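Engineer: I am attaching a structure below and will ask some questions about it afterwards.
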Amino acid sequence: MAMTGVLRPGHVALRVLDLNEAVRHYVEVLGLFETARDDKGRVFLKAWDEADHHSVVLREADEAGMDYMGWRVASDAELERLAGDLQASGLASDFSWIAAGEHPATGKRFRFTIPTGHVMELYSQKDVVGCNTGYTNPDPWPDGLRGIAPSRFDHCLLYGDDLDGTVKLFVEVLGFGVAEQVLAGPDKLMIGAFLSCSNKPHDVAFIRQPVKNKFHHASFLLDNWNEILKAADILSKRKVSIDIGPTRHGITRGETIYFFDSSGNRNEVFSGGYIYYPDKPTITWTDDQLGPAIFYHDRKINDAFLTVYT
Amino acid sequence: MSNTLVESLPRASAAFARPQLAGTVYQVLIADTSEVVTCSSGQNVLAGMEQLGRKGIPVGCRGGGCGVCKVRVLTGEYETGRMSRACVNQEEQDEGIALACKLYPKGDLELQVIGKMLRAVTSINRNQHAADGHEPEAAAG
């Protein structure tokens, strides 16, 4: 298909309180593969079906949360064009170019801060490590998987105050569509936006909260409901802190379980959803139905969903 | 019938479990609710609370990252694990504030709950709409 501009979420960089515990979580429980460590002590990981060198970056710090999220764009020319558009938009700030190689196996990145306070990056090159099945007559999945073993990093949900500004930036400058939105009250204030740059129901989502730069979860893709149930078994076996699930989201229709890494950063594994096209009508949820919108079976507002973030 | 069973369960479990626990067992009084939580040596206060279905301290990430289980220790000896500085700064830590999920009793404790769960998304967002971008007091960090 003619996908241009921003292609997909490429990486998420997370702060963890104890690096060894975190690596144990992301490798042994979640089932990512470590691809590199650098001289700053950062650990780079990828999911089994991802071609590119890494999609998760872990850094030990004294606060949990997200450092930044990176987006793969289609070409060097698109990277330059979007960097220019972002600087001209008046919607972003703190622009900088990060040199090629600062992330291993990665080209230069254009970094900026969005109105909700989150740091985002665009890049157009990352070395292909590949899936262990290879790309010629491949088997459906490789040997040597362990833990939950999602196929890819899929999206993040982020909390911040200036939702309007951030949505405007993603839609008007970066070319995203609004797959779903949550509107509150008679004045229909947007309190949630689920944004897609692809055929997925969301590549990133934002919830309006009176905070800057907060991280709700990073999500990883599984094939089906049975894999979600098995993920729950693995999480309980490994005594990982489970937030909620297995259940279904009304928003995006995804089947889901939420849990926490060893530093309190929320993870999700999910399956299902639908195919999004740019001409698909935006789905709207009203705040009186926010319970089933978030957790379709529970149907009531989940306090932890709104309160617990890093 | 079921009431009797439910009510007797925590007591019966505690009585049953206590002689079997390795090491020392500590009593943690949550002053706000007068709830008493039992923690075995090496067990954090939040886990001790959750294990027998007790309530009183909000449960969040259980990993020292989100801050909703923030408490002030009023009396007693304890140790803490790593807690996100976004939730408990050094000054707070020095004066006895901790996250219950990273709070390990070294004796009987008395504590007060500081962390809260937010409720009602609409009011949160309404307040925020007019607000100045500061975290709501209920966000506890």
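As shown in the structure tokens, the chain order sets the letters A, B, ...; within each chain, residues go from 1, and ligands are also counted from 1 in the order they appear.
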Which neighbours of Phe295 of chain A fall inside 6 Å, counting only C-alpha atoms, when residues of the same chain fewer than 3 positions from it are skipped, and could you give them as a PyMOL selection string?

Structural biologist: chain A and resi 248-249+292+298-299

Engineer: Taking 4 positions as the minimum chain separation for residues in the same chain, which residues sit within 9 Å of Met3 of chain A when counting only C-alpha atoms? Answer as a count of residues only.

Structural biologist: 4

Engineer: Step one, run DSSP on the backbone; step two, keep only residues of segment 36-123 of chain B assigned to strand (DSSP E or B); then write them as a list in words.

Structural biologist: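 The strand (DSSP E or B) subset of segment 36-123 of chain B is Val36, Val37, Thr38, Cys39, Ser40, Lys70, Val71, Arg72, Val73, Leu74, Thr75, Tyr78, Glu79, Thr80, Ile97, Ala98, Leu99, Leu103, Tyr104, Pro105, Leu109, Glu110, Leu111, Gln112 and Val113 of chain B.
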
Engineer: Quick check for you: according to DSSP on this backbone, which residues of segment 33-82 of chain A are classed as helix (DSSP H, G or I)? Reply as a PyMOL selection string.

Structural biologist: chain A and resi 76-82

Engineer: Using 6 Å as the limit and counting only C-alpha atoms, can you tabulate each residue of chain A that touches chain B, with its shortest atom-to-atom distance in Å and the two atoms involved, as a Markdown table?

Structural biologist:
```
| residue | atom | partner | partner_atom | distance |
| --- | --- | --- | --- | --- |
| A:Asp62 | CA | B:Ser84 | CA | 5.7 |
| A:Glu63 | CA | B:Ser84 | CA | 4.3 |
| A:Ala64 | CA | B:Gly65 | CA | 5.5 |
| A:Pro210 | CA | B:Gly133 | CA | 5.1 |
| A:Val211 | CA | B:Glu135 | CA | 5.4 |
| A:Phe260 | CA | B:Cys61 | CA | 5.9 |
| A:Ser262 | CA | B:Gly63 | CA | 5.4 |
| A:Ser263 | CA | B:Gly63 | CA | 4.8 |
| A:Gly264 | CA | B:Gly65 | CA | 4.3 |
| A:Asp303 | CA | B:Arg119 | CA | 5.9 |
| A:Thr307 | CA | B:Leu118 | CA | 5.4 |
| A:Val308 | CA | B:Cys66 | CA | 5.6 |
| A:Tyr309 | CA | B:Cys66 | CA | 5.4 |
| A:Thr310 | CA | B:Cys66 | CA | 5.2 |
```

Engineer: Neighbours of Leu46 of chain B within 7 Å (only C-alpha atoms; same-chain residues fewer than 2 positions away dropped), as a PyMOL selection string?

Structural biologist: chain B and resi 44+48-50+100-101

Engineer: Find the residues near segment 13-27 of chain A: any atom within 9 Å, counting only C-alpha atoms, skip ones fewer than 5 places away on the same chain, and give them as a PDB file with C-alpha atoms, in the first residue's frame.

Structural biologist:
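Dumped everything to out_30.pdb:
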```
ATOM      1  CA  LEU A  32      12.189  -9.842  23.812  1.00  0.00           C
ATOM      2  CA  PHE A  33      15.712 -10.438  22.531  1.00  0.00           C
ATOM      3  CA  GLU A  34      18.691  -8.367  23.633  1.00  0.00           C
ATOM      4  CA  GLY A  41      24.721   1.165  30.082  1.00  0.00           C
ATOM      5  CA  ARG A  42      21.649   1.139  27.877  1.00  0.00           C
ATOM      6  CA  VAL A  43      20.175  -2.182  26.792  1.00  0.00           C
ATOM      7  CA  LEU A  45      15.964  -5.195  22.634  1.00  0.00           C
ATOM      8  CA  SER A  55      12.395  -1.468  19.464  1.00  0.00           C
ATOM      9  CA  VAL A  56      12.862  -1.169  23.246  1.00  0.00           C
ATOM     10  CA  VAL A  57      15.649   0.726  25.015  1.00  0.00           C
ATOM     11  CA  LEU A  58      16.173   0.396  28.769  1.00  0.00           C
ATOM     12  CA  ARG A  59      18.167   2.831  30.892  1.00  0.00           C
ATOM     13  CA  GLU A  60      18.699   2.698  34.654  1.00  0.00           C
ATOM     14  CA  ALA A  61      17.570   5.915  36.342  1.00  0.00           C
ATOM     15  CA  ASP A  62      16.200   7.082  39.684  1.00  0.00           C
ATOM     16  CA  GLU A  63      12.737   7.699  38.183  1.00  0.00           C
ATOM     17  CA  ALA A  64      10.604   5.262  36.201  1.00  0.00           C
ATOM     18  CA  GLY A  65       8.831   6.376  33.021  1.00  0.00           C
ATOM     19  CA  MET A  66       9.477   7.037  29.345  1.00  0.00           C
ATOM     20  CA  ASP A  67      12.415   9.007  27.954  1.00  0.00           C
ATOM     21  CA  TYR A  68      11.135   9.149  24.382  1.00  0.00           C
ATOM     22  CA  MET A  69       9.363   7.323  21.601  1.00  0.00           C
ATOM     23  CA  GLY A  70      10.884   6.978  18.107  1.00  0.00           C
ATOM     24  CA  ARG A 146      10.540 -17.860  25.552  1.00  0.00           C
ATOM     25  CA  GLY A 147       8.167 -16.046  27.839  1.00  0.00           C
ATOM     26  CA  ALA A 149       7.050 -13.657  23.032  1.00  0.00           C
ATOM     27  CA  VAL A 240       4.646 -10.384  37.795  1.00  0.00           C
ATOM     28  CA  ASP A 261       7.624  -4.226  34.638  1.00  0.00           C
ATOM     29  CA  SER A 262       9.846  -4.409  37.719  1.00  0.00           C
ATOM     30  CA  SER A 263       9.970  -0.585  37.948  1.00  0.00           C
ATOM     31  CA  GLY A 264       6.226   0.006  37.643  1.00  0.00           C
ATOM     32  CA  ASN A 265       6.139   0.869  33.953  1.00  0.00           C
TER      33      ASN A 265
ATOM     34  CA  GLY B  64       8.008   1.426  43.215  1.00  0.00           C
ATOM     35  CA  GLY B  65       7.176   3.424  40.097  1.00  0.00           C
ATOM     36  CA  ARG B  82      14.334   1.394  45.254  1.00  0.00           C
ATOM     37  CA  MET B  83      11.490   3.854  44.750  1.00  0.00           C
ATOM     38  CA  SER B  84      11.039   6.240  41.838  1.00  0.00           C
TER      39      SER B  84
END
```

Engineer: Determine, counting only C-alpha atoms, which protein, DNA and RNA residues have an atom within 9 Å of an atom of Pro105 of chain B; residues of the same chain fewer than 4 positions away are not included. Present the result as a ChimeraX atom specification.

Structural biologist: /B:26-28,39-45,76-80,109

Engineer: Show me, as a VMD selection string, the residues that have an atom within 6 Å of Phe112 of chain A when counting only C-alpha atoms, minus same-chain residues fewer than 3 positions from it.

Structural biologist: chain A and resid 93 to 95 119 to 120

Engineer: List as a ChimeraX atom specification the protein and nucleic acid residues near Asp223 of chain A, meaning an atom at most 12 Å away when only C-alpha atoms are counted, but skip any in the same chain fewer than 2 places from it.

Structural biologist: /A:49,140-141,148-152,220-221,225-231,254-256,269-273

Engineer: If you measure from atom CA of Val128 of chain A to atom CA of Arg8 of chain A, what distance in Å do you get, rounded to one decimal?

Structural biologist: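 It comes out at 15.2 Å.
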
Engineer: Distance atom CA of Asp39 of chain A-atom CA of Ala105 of chain A, one decimal place?

Structural biologist: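 Answer for the atom CA of Asp39 of chain A to atom CA of Ala105 of chain A separation: 14.2 Å.
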